[in-house]
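Next up, data-v4.pdb (PDB, C-alpha atoms):
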ATOM      1  CA  MET A   1     -14.993 -17.771   6.154  1.00  0.00           C
ATOM      2  CA  CYS A   2     -14.091 -17.196   2.519  1.00  0.00           C
ATOM      3  CA  THR A   3     -15.300 -19.282  -0.434  1.00  0.00           C
ATOM      4  CA  GLY A   4     -13.450 -20.094  -3.644  1.00  0.00           C
ATOM      5  CA  ASP A   5     -10.066 -18.779  -4.708  1.00  0.00           C
ATOM      6  CA  ASP A   6     -11.164 -15.140  -4.775  1.00  0.00           C
ATOM      7  CA  GLY A   7     -13.756 -14.953  -1.981  1.00  0.00           C
ATOM      8  CA  PRO A   8     -16.162 -13.426  -1.245  1.00  0.00           C
ATOM      9  CA  CYS A   9     -15.899 -13.738   2.519  1.00  0.00           C
ATOM     10  CA  LEU A  10     -19.031 -14.543   4.509  1.00  0.00           C
ATOM     11  CA  CYS A  11     -17.817 -11.981   7.047  1.00  0.00           C
ATOM     12  CA  ASP A  12     -15.348  -9.204   6.291  1.00  0.00           C
ATOM     13  CA  THR A  13     -15.253  -7.112   9.475  1.00  0.00           C
ATOM     14  CA  TRP A  14     -14.400  -7.867  13.088  1.00  0.00           C
ATOM     15  CA  VAL A  15     -15.123  -5.861  16.248  1.00  0.00           C
ATOM     16  CA  PHE A  16     -13.630  -6.508  19.673  1.00  0.00           C
ATOM     17  CA  CYS A  17     -14.529  -5.058  23.080  1.00  0.00           C
ATOM     18  CA  GLY A  18     -11.358  -4.915  25.148  1.00  0.00           C
ATOM     19  CA  ASN A  19     -12.094  -2.303  27.831  1.00  0.00           C
ATOM     20  CA  ARG A  20     -13.349  -4.167  30.896  1.00  0.00           C
ATOM     21  CA  GLU A  21     -14.899  -1.107  32.539  1.00  0.00           C
ATOM     22  CA  ALA A  22     -16.600   0.313  29.421  1.00  0.00           C
ATOM     23  CA  CYS A  23     -17.672  -3.024  27.906  1.00  0.00           C
ATOM     24  CA  GLY A  24     -19.267  -4.495  31.002  1.00  0.00           C
ATOM     25  CA  SER A  25     -20.839  -7.856  30.168  1.00  0.00           C
ATOM     26  CA  GLN A  26     -19.558  -7.573  26.568  1.00  0.00           C
ATOM     27  CA  PHE A  27     -15.906  -7.413  27.658  1.00  0.00           C
ATOM     28  CA  GLY A  28     -13.760  -9.804  25.617  1.00  0.00           C
ATOM     29  CA  GLN A  29     -16.407 -10.401  22.969  1.00  0.00           C
ATOM     30  CA  CYS A  30     -15.337 -10.507  19.322  1.00  0.00           C
ATOM     31  CA  TRP A  31     -18.002 -10.296  16.622  1.00  0.00           C
ATOM     32  CA  LEU A  32     -17.792 -10.910  12.885  1.00  0.00           C
ATOM     33  CA  LYS A  33     -19.876  -8.758  10.550  1.00  0.00           C
ATOM     34  CA  LYS A  34     -20.548  -8.214   6.847  1.00  0.00           C
ATOM     35  CA  GLN A  35     -20.015  -4.852   5.110  1.00  0.00           C
ATOM     36  CA  LYS A  36     -21.964  -3.726   2.077  1.00  0.00           C
ATOM     37  CA  ASP A  37     -18.671  -2.474   0.639  1.00  0.00           C
ATOM     38  CA  THR A  38     -15.322  -3.350   2.244  1.00  0.00           C
ATOM     39  CA  LEU A  39     -13.620  -0.463   0.405  1.00  0.00           C
ATOM     40  CA  ALA A  40     -16.119   1.977   1.950  1.00  0.00           C
ATOM     41  CA  PRO A  41     -16.761   0.474   5.392  1.00  0.00           C
ATOM     42  CA  GLU A  42     -19.537   1.870   7.547  1.00  0.00           C
ATOM     43  CA  ARG A  43     -18.235   3.667  10.588  1.00  0.00           C
ATOM     44  CA  GLN A  44     -19.799   5.312  13.607  1.00  0.00           C
ATOM     45  CA  GLU A  45     -18.942   9.002  13.523  1.00  0.00           C
ATOM     46  CA  THR A  46     -18.785  10.201  17.129  1.00  0.00           C
ATOM     47  CA  HIS A  47     -16.660  12.459  19.287  1.00  0.00           C
ATOM     48  CA  GLU A  48     -17.287  10.296  22.340  1.00  0.00           C
ATOM     49  CA  PRO A  49     -14.911   7.513  23.426  1.00  0.00           C
ATOM     50  CA  VAL A  50     -15.696   4.189  21.754  1.00  0.00           C
ATOM     51  CA  SER A  51     -15.044   0.922  23.582  1.00  0.00           C
ATOM     52  CA  TRP A  52     -14.932  -1.243  20.450  1.00  0.00           C
ATOM     53  CA  THR A  53     -11.919  -1.827  18.229  1.00  0.00           C
ATOM     54  CA  SER A  54     -12.655  -2.915  14.651  1.00  0.00           C
ATOM     55  CA  GLY A  55     -10.849  -4.012  11.509  1.00  0.00           C
ATOM     56  CA  LEU A  56     -11.274  -5.460   8.030  1.00  0.00           C
ATOM     57  CA  ILE A  57     -10.747  -8.945   6.629  1.00  0.00           C
ATOM     58  CA  PHE A  58     -10.014  -9.215   2.905  1.00  0.00           C
ATOM     59  CA  GLY A  59     -10.393 -12.456   0.952  1.00  0.00           C
ATOM     60  CA  LYS A  60      -7.699 -13.508  -1.499  1.00  0.00           C
ATOM     61  CA  GLY A  61      -9.235 -11.567  -4.401  1.00  0.00           C
ATOM     62  CA  GLU A  62     -10.538  -8.676  -2.306  1.00  0.00           C
ATOM     63  CA  GLY A  63      -8.982  -5.499  -0.928  1.00  0.00           C
ATOM     64  CA  ILE A  64      -7.263  -4.655  -4.204  1.00  0.00           C
ATOM     65  CA  VAL A  65      -6.921  -1.052  -5.409  1.00  0.00           C
ATOM     66  CA  GLY A  66      -5.386   0.282  -8.607  1.00  0.00           C
ATOM     67  CA  LEU A  67      -2.636   2.873  -9.017  1.00  0.00           C
ATOM     68  CA  GLU A  68      -3.514   4.068 -12.497  1.00  0.00           C
ATOM     69  CA  THR A  69      -0.793   5.653 -14.648  1.00  0.00           C
ATOM     70  CA  ASP A  70      -0.234   6.348 -18.338  1.00  0.00           C
ATOM     71  CA  TYR A  71       1.924   3.208 -18.412  1.00  0.00           C
ATOM     72  CA  GLY A  72      -0.726   0.884 -16.996  1.00  0.00           C
ATOM     73  CA  THR A  73      -2.504   0.141 -13.720  1.00  0.00           C
ATOM     74  CA  LEU A  74      -0.593  -1.310 -10.799  1.00  0.00           C
ATOM     75  CA  HIS A  75      -2.983  -3.529  -8.813  1.00  0.00           C
ATOM     76  CA  VAL A  76      -2.122  -3.408  -5.116  1.00  0.00           C
ATOM     77  CA  LYS A  77      -3.316  -5.903  -2.508  1.00  0.00           C
ATOM     78  CA  LEU A  78      -3.787  -4.021   0.783  1.00  0.00           C
ATOM     79  CA  PHE A  79      -2.726  -5.386   4.193  1.00  0.00           C
ATOM     80  CA  PRO A  80      -5.278  -4.199   6.801  1.00  0.00           C
ATOM     81  CA  ASP A  81      -4.135  -6.895   9.221  1.00  0.00           C
ATOM     82  CA  VAL A  82      -0.692  -5.322   9.701  1.00  0.00           C
ATOM     83  CA  ALA A  83      -1.219  -1.719   8.534  1.00  0.00           C
ATOM     84  CA  PRO A  84      -4.789  -0.637   9.442  1.00  0.00           C
ATOM     85  CA  HIS A  85      -3.983   3.091   9.678  1.00  0.00           C
ATOM     86  CA  SER A  86      -2.305   3.022   6.274  1.00  0.00           C
ATOM     87  CA  VAL A  87      -5.190   1.141   4.654  1.00  0.00           C
ATOM     88  CA  ALA A  88      -7.713   3.555   6.212  1.00  0.00           C
ATOM     89  CA  TYR A  89      -5.901   6.439   4.474  1.00  0.00           C
ATOM     90  CA  ILE A  90      -5.962   4.659   1.102  1.00  0.00           C
ATOM     91  CA  LEU A  91      -9.721   4.111   1.504  1.00  0.00           C
ATOM     92  CA  GLU A  92     -10.084   7.856   2.143  1.00  0.00           C
ATOM     93  CA  LEU A  93      -8.288   8.506  -1.160  1.00  0.00           C
ATOM     94  CA  LEU A  94     -10.806   6.265  -2.926  1.00  0.00           C
ATOM     95  CA  LYS A  95     -13.649   8.504  -1.727  1.00  0.00           C
ATOM     96  CA  LEU A  96     -12.097  11.542  -3.456  1.00  0.00           C
ATOM     97  CA  ARG A  97     -12.343   9.995  -6.939  1.00  0.00           C
ATOM     98  CA  HIS A  98      -9.227  12.016  -7.794  1.00  0.00           C
ATOM     99  CA  CYS A  99      -5.659  12.175  -6.544  1.00  0.00           C
ATOM    100  CA  ALA A 100      -4.520  15.646  -7.564  1.00  0.00           C
ATOM    101  CA  GLY A 101      -0.832  15.926  -6.745  1.00  0.00           C
ATOM    102  CA  CYS A 102      -0.251  12.176  -6.495  1.00  0.00           C
ATOM    103  CA  GLN A 103       2.662  11.118  -8.675  1.00  0.00           C
ATOM    104  CA  PHE A 104       5.828   9.075  -9.108  1.00  0.00           C
ATOM    105  CA  TYR A 105       8.939  11.260  -9.251  1.00  0.00           C
ATOM    106  CA  ARG A 106      11.862   8.912  -8.602  1.00  0.00           C
ATOM    107  CA  ALA A 107      12.687   5.744 -10.538  1.00  0.00           C
ATOM    108  CA  GLU A 108      15.697   3.461 -10.244  1.00  0.00           C
ATOM    109  CA  SER A 109      16.327   0.108 -11.903  1.00  0.00           C
ATOM    110  CA  ARG A 110      17.724  -3.006 -10.222  1.00  0.00           C
ATOM    111  CA  GLY A 111      21.053  -2.318 -11.920  1.00  0.00           C
ATOM    112  CA  ASN A 112      23.560  -5.133 -11.552  1.00  0.00           C
ATOM    113  CA  SER A 113      22.742  -5.777  -7.897  1.00  0.00           C
ATOM    114  CA  TRP A 114      19.493  -7.779  -8.189  1.00  0.00           C
ATOM    115  CA  ASP A 115      18.230 -10.315 -10.735  1.00  0.00           C
ATOM    116  CA  ARG A 116      14.836 -10.187 -12.491  1.00  0.00           C
ATOM    117  CA  GLU A 117      13.171 -12.015  -9.583  1.00  0.00           C
ATOM    118  CA  GLY A 118      14.500  -9.423  -7.160  1.00  0.00           C
ATOM    119  CA  ASN A 119      17.140 -11.649  -5.586  1.00  0.00           C
ATOM    120  CA  HIS A 120      20.305  -9.922  -4.484  1.00  0.00           C
ATOM    121  CA  ILE A 121      23.372 -10.992  -6.443  1.00  0.00           C
ATOM    122  CA  GLU A 122      26.158 -12.258  -4.238  1.00  0.00           C
ATOM    123  CA  ASN A 123      28.917  -9.723  -3.501  1.00  0.00           C
ATOM    124  CA  ALA A 124      27.061  -6.971  -5.407  1.00  0.00           C
ATOM    125  CA  PRO A 125      26.533  -3.589  -3.714  1.00  0.00           C
ATOM    126  CA  PHE A 126      23.096  -2.670  -2.349  1.00  0.00           C
ATOM    127  CA  GLY A 127      22.831   0.329  -4.660  1.00  0.00           C
ATOM    128  CA  PRO A 128      22.757   2.788  -6.168  1.00  0.00           C
ATOM    129  CA  PRO A 129      20.592   2.248  -8.117  1.00  0.00           C
ATOM    130  CA  TYR A 130      18.246   0.916  -5.436  1.00  0.00           C
ATOM    131  CA  GLY A 131      15.593  -0.854  -7.503  1.00  0.00           C
ATOM    132  CA  LEU A 132      12.442   1.136  -6.685  1.00  0.00           C
ATOM    133  CA  ILE A 133       9.973   3.733  -7.878  1.00  0.00           C
ATOM    134  CA  GLN A 134       9.011   6.449  -5.419  1.00  0.00           C
ATOM    135  CA  GLY A 135       6.217   8.990  -5.276  1.00  0.00           C
ATOM    136  CA  THR A 136       3.678  10.771  -3.111  1.00  0.00           C
ATOM    137  CA  LEU A 137       0.081   9.997  -2.158  1.00  0.00           C
ATOM    138  CA  GLU A 138      -0.755  13.434  -0.790  1.00  0.00           C
ATOM    139  CA  ALA A 139      -3.912  14.515  -2.621  1.00  0.00           C
ATOM    140  CA  GLY A 140      -5.262  18.036  -2.857  1.00  0.00           C
ATOM    141  CA  GLY A 141      -8.431  18.449  -0.821  1.00  0.00           C
ATOM    142  CA  LEU A 142      -7.503  15.846   1.787  1.00  0.00           C
ATOM    143  CA  THR A 143      -5.596  16.841   4.917  1.00  0.00           C
ATOM    144  CA  PHE A 144      -2.748  14.406   5.444  1.00  0.00           C
ATOM    145  CA  LYS A 145      -1.988  13.284   8.968  1.00  0.00           C
ATOM    146  CA  LYS A 146       1.259  11.477   9.647  1.00  0.00           C
ATOM    147  CA  ILE A 147       0.713   7.727   9.694  1.00  0.00           C
ATOM    148  CA  PRO A 148       2.066   5.960  12.781  1.00  0.00           C
ATOM    149  CA  THR A 149       4.662   3.261  12.320  1.00  0.00           C
ATOM    150  CA  GLU A 150       2.864  -0.064  11.960  1.00  0.00           C
ATOM    151  CA  ILE A 151       4.089  -3.646  11.673  1.00  0.00           C
ATOM    152  CA  CYS A 152       7.143  -3.500   9.425  1.00  0.00           C
ATOM    153  CA  ARG A 153       7.455  -6.498   7.132  1.00  0.00           C
ATOM    154  CA  SER A 154      10.648  -7.134   5.254  1.00  0.00           C
ATOM    155  CA  VAL A 155      10.688  -5.197   1.992  1.00  0.00           C
ATOM    156  CA  ALA A 156      10.406  -7.630  -0.922  1.00  0.00           C
ATOM    157  CA  ARG A 157       9.886  -7.289  -4.658  1.00  0.00           C
ATOM    158  CA  GLY A 158       6.449  -5.713  -5.094  1.00  0.00           C
ATOM    159  CA  SER A 159       6.218  -4.264  -1.574  1.00  0.00           C
ATOM    160  CA  VAL A 160       4.410  -0.926  -1.267  1.00  0.00           C
ATOM    161  CA  ALA A 161       5.683   1.015   1.753  1.00  0.00           C
ATOM    162  CA  TRP A 162       5.759   4.482   3.279  1.00  0.00           C
ATOM    163  CA  VAL A 163       8.891   6.576   3.481  1.00  0.00           C
ATOM    164  CA  GLY A 164       8.814   7.544   7.141  1.00  0.00           C
ATOM    165  CA  SER A 165       5.252   8.478   8.120  1.00  0.00           C
ATOM    166  CA  GLY A 166       4.154   9.256   4.554  1.00  0.00           C
ATOM    167  CA  PRO A 167       2.783  10.603   2.298  1.00  0.00           C
ATOM    168  CA  GLU A 168       5.948   9.703   0.338  1.00  0.00           C
ATOM    169  CA  PHE A 169       5.930   6.015  -0.603  1.00  0.00           C
ATOM    170  CA  PHE A 170       7.772   3.548  -2.797  1.00  0.00           C
ATOM    171  CA  ILE A 171       7.292   0.289  -4.688  1.00  0.00           C
ATOM    172  CA  SER A 172      10.271  -2.034  -4.461  1.00  0.00           C
ATOM    173  CA  LEU A 173      11.589  -3.852  -7.528  1.00  0.00           C
ATOM    174  CA  ALA A 174      13.854  -6.054  -5.411  1.00  0.00           C
ATOM    175  CA  ASP A 175      14.192  -7.839  -2.095  1.00  0.00           C
ATOM    176  CA  HIS A 176      15.793  -5.504   0.441  1.00  0.00           C
ATOM    177  CA  GLN A 177      16.634  -7.682   3.416  1.00  0.00           C
ATOM    178  CA  GLU A 178      19.387  -5.199   4.254  1.00  0.00           C
ATOM    179  CA  TRP A 179      16.740  -2.638   5.276  1.00  0.00           C
ATOM    180  CA  ARG A 180      15.767  -4.866   8.225  1.00  0.00           C
ATOM    181  CA  LYS A 181      12.035  -4.058   8.479  1.00  0.00           C
ATOM    182  CA  ALA A 182      12.615  -0.292   8.573  1.00  0.00           C
ATOM    183  CA  TYR A 183       9.456   0.627   6.617  1.00  0.00           C
ATOM    184  CA  THR A 184       5.707   0.155   7.071  1.00  0.00           C
ATOM    185  CA  VAL A 185       4.636  -2.131   4.217  1.00  0.00           C
ATOM    186  CA  PHE A 186       0.906  -1.606   3.622  1.00  0.00           C
ATOM    187  CA  GLY A 187       0.426  -3.529   0.380  1.00  0.00           C
ATOM    188  CA  SER A 188       1.976  -5.477  -2.469  1.00  0.00           C
ATOM    189  CA  VAL A 189       1.763  -5.090  -6.242  1.00  0.00           C
ATOM    190  CA  LEU A 190       0.375  -8.203  -7.927  1.00  0.00           C
ATOM    191  CA  PRO A 191       3.230 -10.096  -9.645  1.00  0.00           C
ATOM    192  CA  GLU A 192       1.700  -9.766 -13.124  1.00  0.00           C
ATOM    193  CA  ASP A 193       1.872  -5.953 -12.862  1.00  0.00           C
ATOM    194  CA  MET A 194       5.523  -5.647 -11.891  1.00  0.00           C
ATOM    195  CA  GLU A 195       6.489  -5.232 -15.549  1.00  0.00           C
ATOM    196  CA  ILE A 196       4.706  -1.857 -15.437  1.00  0.00           C
ATOM    197  CA  ALA A 197       6.894  -0.786 -12.512  1.00  0.00           C
ATOM    198  CA  GLU A 198       9.974  -2.091 -14.330  1.00  0.00           C
ATOM    199  CA  LYS A 199       9.012  -0.046 -17.401  1.00  0.00           C
ATOM    200  CA  MET A 200       8.688   3.110 -15.301  1.00  0.00           C
ATOM    201  CA  ALA A 201      12.114   2.473 -13.769  1.00  0.00           C
ATOM    202  CA  GLN A 202      13.599   2.805 -17.279  1.00  0.00           C
ATOM    203  CA  LEU A 203      12.085   6.244 -17.978  1.00  0.00           C
ATOM    204  CA  PRO A 204      14.469   9.190 -18.596  1.00  0.00           C
ATOM    205  CA  SER A 205      15.873  10.470 -15.323  1.00  0.00           C
ATOM    206  CA  LYS A 206      18.533  12.786 -13.978  1.00  0.00           C
ATOM    207  CA  LEU A 207      20.931  12.316 -11.080  1.00  0.00           C
ATOM    208  CA  ASP A 208      20.439  14.144  -7.805  1.00  0.00           C
ATOM    209  CA  VAL A 209      21.756  13.924  -4.251  1.00  0.00           C
ATOM    210  CA  TRP A 210      19.406  13.609  -1.251  1.00  0.00           C
ATOM    211  CA  ASN A 211      21.030  13.618   2.186  1.00  0.00           C
ATOM    212  CA  ASN A 212      24.338  12.469   0.664  1.00  0.00           C
ATOM    213  CA  ILE A 213      22.610   9.632  -1.236  1.00  0.00           C
ATOM    214  CA  ASN A 214      22.755   9.463  -5.042  1.00  0.00           C
ATOM    215  CA  VAL A 215      19.262   9.087  -6.504  1.00  0.00           C
ATOM    216  CA  SER A 216      17.629   9.149  -9.957  1.00  0.00           C
ATOM    217  CA  VAL A 217      14.770  11.623 -10.366  1.00  0.00           C
ATOM    218  CA  LEU A 218      12.356  11.374 -13.287  1.00  0.00           C
ATOM    219  CA  GLU A 219      12.673  14.146 -15.852  1.00  0.00           C
ATOM    220  CA  LYS A 220       8.874  14.121 -16.090  1.00  0.00           C
ATOM    221  CA  PRO A 221       6.936  12.949 -13.005  1.00  0.00           C
ATOM    222  CA  VAL A 222       4.253  10.330 -13.701  1.00  0.00           C
ATOM    223  CA  PRO A 223       0.786  11.296 -12.343  1.00  0.00           C
ATOM    224  CA  LEU A 224      -1.197   8.523 -10.694  1.00  0.00           C
ATOM    225  CA  LEU A 225      -4.787   7.951  -9.639  1.00  0.00           C
ATOM    226  CA  VAL A 226      -6.014   5.615  -6.906  1.00  0.00           C
ATOM    227  CA  ARG A 227      -8.916   3.633  -8.328  1.00  0.00           C
ATOM    228  CA  ARG A 228     -11.428   1.082  -7.122  1.00  0.00           C
ATOM    229  CA  ILE A 229     -11.007  -2.332  -8.693  1.00  0.00           C
ATOM    230  CA  LYS A 230     -13.851  -4.729  -9.389  1.00  0.00           C
ATOM    231  CA  THR A 231     -12.994  -8.416  -9.369  1.00  0.00           C
ATOM    232  CA  SER A 232     -15.045 -10.786 -11.469  1.00  0.00           C
ATOM    233  CA  GLN A 233     -14.104 -14.472 -11.680  1.00  0.00           C
ATOM    234  CA  GLY A 234     -10.443 -13.672 -11.333  1.00  0.00           C
ATOM    235  CA  ASP A 235     -10.484 -10.720 -13.737  1.00  0.00           C
ATOM    236  CA  LEU A 236      -9.462  -7.272 -12.476  1.00  0.00           C
ATOM    237  CA  ARG A 237     -11.196  -4.214 -13.885  1.00  0.00           C
ATOM    238  CA  SER A 238     -10.995  -0.510 -12.994  1.00  0.00           C
ATOM    239  CA  LEU A 239     -14.143   1.369 -12.023  1.00  0.00           C
TER     240      LEU A 239
END

Structure re-expressed in structure tokens:
Amino acid sequence: MCTGDDGPCLCDTWVFCGNREACGSQFGQCWLKKQKDTLAPERQETHEPVSWTSGLIFGKGEGIVGLETDYGTLHVKLFPDVAPHSVAYILELLKLRHCAGCQFYRAESRGNSWDREGNHIENAPFGPPYGLIQGTLEAGGLTFKKIPTEICRSVARGSVAWVGSGPEFFISLADHQEWRKAYTVFGSVLPEDMEIAEKMAQLPSKLDVWNNINVSVLEKPVPLLVRRIKTSQGDLRSL
């Protein structure tokens, strides 16, 4: 359904009627539709029960948002297929056009435990440091509701995942197979932007202890803004 390397997709939304009693003759039907804007999908606002379940389909070059910082913009490919609740919250942040209170506050390098590609070095400890940057996506003006646990992929280099039910989140600088799918991964930083995350992991920090775990907290938190990204023939630009 998608053309070229970067899309666009002929259809980008699916709806499914799975309630036999409510759907009647439409029970089991699955329709494909086209949105005017996949990052601002049309939705039926109603307080009545709805019999249809719906979701988004992003082409290879679609469904990308930017986490804009003073050190550069981290382009994140969202995963609506495995984390629809998480992606819905990120789309709500896009509507605000600000992210007051959103920031990175913890940064830890890969140390001597993982190589530059994020592979764990044999017989090395699994931290500290843990090879990640951590922050919050709780924005002023938007009520945060805990996000349910969704499909938990293995955490790999570039993974963007919630800490618990959010709004705390982290970007991994390394493969963490030892975490055994413990976190909801809702996106992944594009490989070409990981140098920005690596740069932030080297910022001045101070040691702290959280729940008996040694961590590195940034001396100066790094504010971030969630931005729409326009793709044009493979180029990524902030709006």

Write out as number ranges by chain each polymer residue whose atoms come within 9 Å of region 76-82 of chain A, counting all atoms listed in the file; drop sequence neighbours fewer than 5 positions from it.
A: 55-58, 60-67, 87-88, 90, 150-153, 158, 160, 184-190

Taking only residues of region 82-153 of chain A that have an atom at most 9 Å from an atom of region 20-43 of chain A, what is each one's shortest atom pair and its distance in Å to one decimal, using only C-alpha atoms, in chain and number order, as CSV?
residue,atom,partner,partner_atom,distance
A:Leu91,CA,A:Leu39,CA,6.1
A:Glu92,CA,A:Ala40,CA,8.4
A:Leu94,CA,A:Leu39,CA,8.0
A:Lys95,CA,A:Ala40,CA,7.9

Output for the residues just chosen: C-alpha atoms as an mmCIF file, in the frame of the given file:
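So result31.cif came out as:
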data_model
loop_
_atom_site.group_PDB
_atom_site.id
_atom_site.type_symbol
_atom_site.label_atom_id
_atom_site.label_comp_id
_atom_site.auth_asym_id
_atom_site.auth_seq_id
_atom_site.Cartn_x
_atom_site.Cartn_y
_atom_site.Cartn_z
ATOM 1 C CA LEU A 91 -9.721 4.111 1.504
ATOM 2 C CA GLU A 92 -10.084 7.856 2.143
ATOM 3 C CA LEU A 94 -10.806 6.265 -2.926
ATOM 4 C CA LYS A 95 -13.649 8.504 -1.727
#

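The closest residue to Phe144 (chain A), picked from A:Gly101, A:Gly166, A:Gly111, A:Gly18 and counting only C-alpha atoms, is A:Gly166.
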
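Reported to one decimal place, the separation of CA of Val222 (chain A) from CA of Ile171 (chain A) is 13.8 Å.
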
Test item: residues at most 7 Å from Thr53 (chain A), only C-alpha atoms, excluding those fewer than 4 positions along its chain, as a PyMOL selection string
chain A and resi 15-17

Deliver the residues from the most recent selection as a file, using C-alpha atoms, as an mmCIF file, in the frame of the given file.
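Below is the file again_1.cif, written as the result:
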data_model
loop_
_atom_site.group_PDB
_atom_site.id
_atom_site.type_symbol
_atom_site.label_atom_id
_atom_site.label_comp_id
_atom_site.auth_asym_id
_atom_site.auth_seq_id
_atom_site.Cartn_x
_atom_site.Cartn_y
_atom_site.Cartn_z
ATOM 1 C CA VAL A 15 -15.123 -5.861 16.248
ATOM 2 C CA PHE A 16 -13.630 -6.508 19.673
ATOM 3 C CA CYS A 17 -14.529 -5.058 23.080
#

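Shortest atom-to-atom contact with His120 (chain A) among A:Lys199, A:Ala156, A:Asp208, A:Asp193: A:Ala156, counting all atoms listed in the file.
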
Test item: the PyMOL selection byres ((chain A and resi 223) around 12) resolved as a tab-separated table (two decimals) with C-alpha atoms, in the frame of the given file:
chain	number	residue	atom	x	y	z
A	67	LEU	CA	-2.64	2.87	-9.02
A	68	GLU	CA	-3.51	4.07	-12.50
A	69	THR	CA	-0.79	5.65	-14.65
A	70	ASP	CA	-0.23	6.35	-18.34
A	71	TYR	CA	1.92	3.21	-18.41
A	72	GLY	CA	-0.73	0.88	-17.00
A	73	THR	CA	-2.50	0.14	-13.72
A	98	HIS	CA	-9.23	12.02	-7.79
A	99	CYS	CA	-5.66	12.18	-6.54
A	100	ALA	CA	-4.52	15.65	-7.56
A	101	GLY	CA	-0.83	15.93	-6.74
A	102	CYS	CA	-0.25	12.18	-6.50
A	103	GLN	CA	2.66	11.12	-8.68
A	104	PHE	CA	5.83	9.07	-9.11
A	105	TYR	CA	8.94	11.26	-9.25
A	106	ARG	CA	11.86	8.91	-8.60
A	134	GLN	CA	9.01	6.45	-5.42
A	135	GLY	CA	6.22	8.99	-5.28
A	136	THR	CA	3.68	10.77	-3.11
A	137	LEU	CA	0.08	10.00	-2.16
A	138	GLU	CA	-0.76	13.43	-0.79
A	139	ALA	CA	-3.91	14.52	-2.62
A	200	MET	CA	8.69	3.11	-15.30
A	218	LEU	CA	12.36	11.37	-13.29
A	220	LYS	CA	8.87	14.12	-16.09
A	221	PRO	CA	6.94	12.95	-13.00
A	222	VAL	CA	4.25	10.33	-13.70
A	224	LEU	CA	-1.20	8.52	-10.69
A	225	LEU	CA	-4.79	7.95	-9.64
A	226	VAL	CA	-6.01	5.62	-6.91

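In terms of minimum interatomic distance to Tyr89 (chain A), A:Lys145 ranks closest within A:Lys145, A:Arg110, A:His75, A:Arg228, counting only C-alpha atoms.
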
Evaluated on this file, the PyMOL selection byres ((chain A and resi 109) around 7) picks out some residues - which ones are they, written as a list in words?
Ala107, Glu108, Arg110, Gly111, Pro129, Tyr130, Gly131, Leu132, Ala201 and Gln202 of chain A

Can those selected residues be exported to a file as a PDB file, in the coordinates of the input so that it contains C-alpha atoms?
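Written output follows (selection36.pdb):
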ATOM      1  CA  ALA A 107      12.687   5.744 -10.538  1.00  0.00           C
ATOM      2  CA  GLU A 108      15.697   3.461 -10.244  1.00  0.00           C
ATOM      3  CA  ARG A 110      17.724  -3.006 -10.222  1.00  0.00           C
ATOM      4  CA  GLY A 111      21.053  -2.318 -11.920  1.00  0.00           C
ATOM      5  CA  PRO A 129      20.592   2.248  -8.117  1.00  0.00           C
ATOM      6  CA  TYR A 130      18.246   0.916  -5.436  1.00  0.00           C
ATOM      7  CA  GLY A 131      15.593  -0.854  -7.503  1.00  0.00           C
ATOM      8  CA  LEU A 132      12.442   1.136  -6.685  1.00  0.00           C
ATOM      9  CA  ALA A 201      12.114   2.473 -13.769  1.00  0.00           C
ATOM     10  CA  GLN A 202      13.599   2.805 -17.279  1.00  0.00           C
TER      11      GLN A 202
END

Just how far from CA of Pro204 (chain A) is CA of Ile121 (chain A), in Å to one decimal?
25.2 Å

Interatomic distance, CA of Tyr183 (chain A) to CA of Ser154 (chain A) (Å, one decimal):
8.0 Å

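Closest approach to Gly127 (chain A) among A:Thr143, A:Asn214, A:Asn19, A:Ser51 is made by A:Asn214 (distances from only C-alpha atoms).
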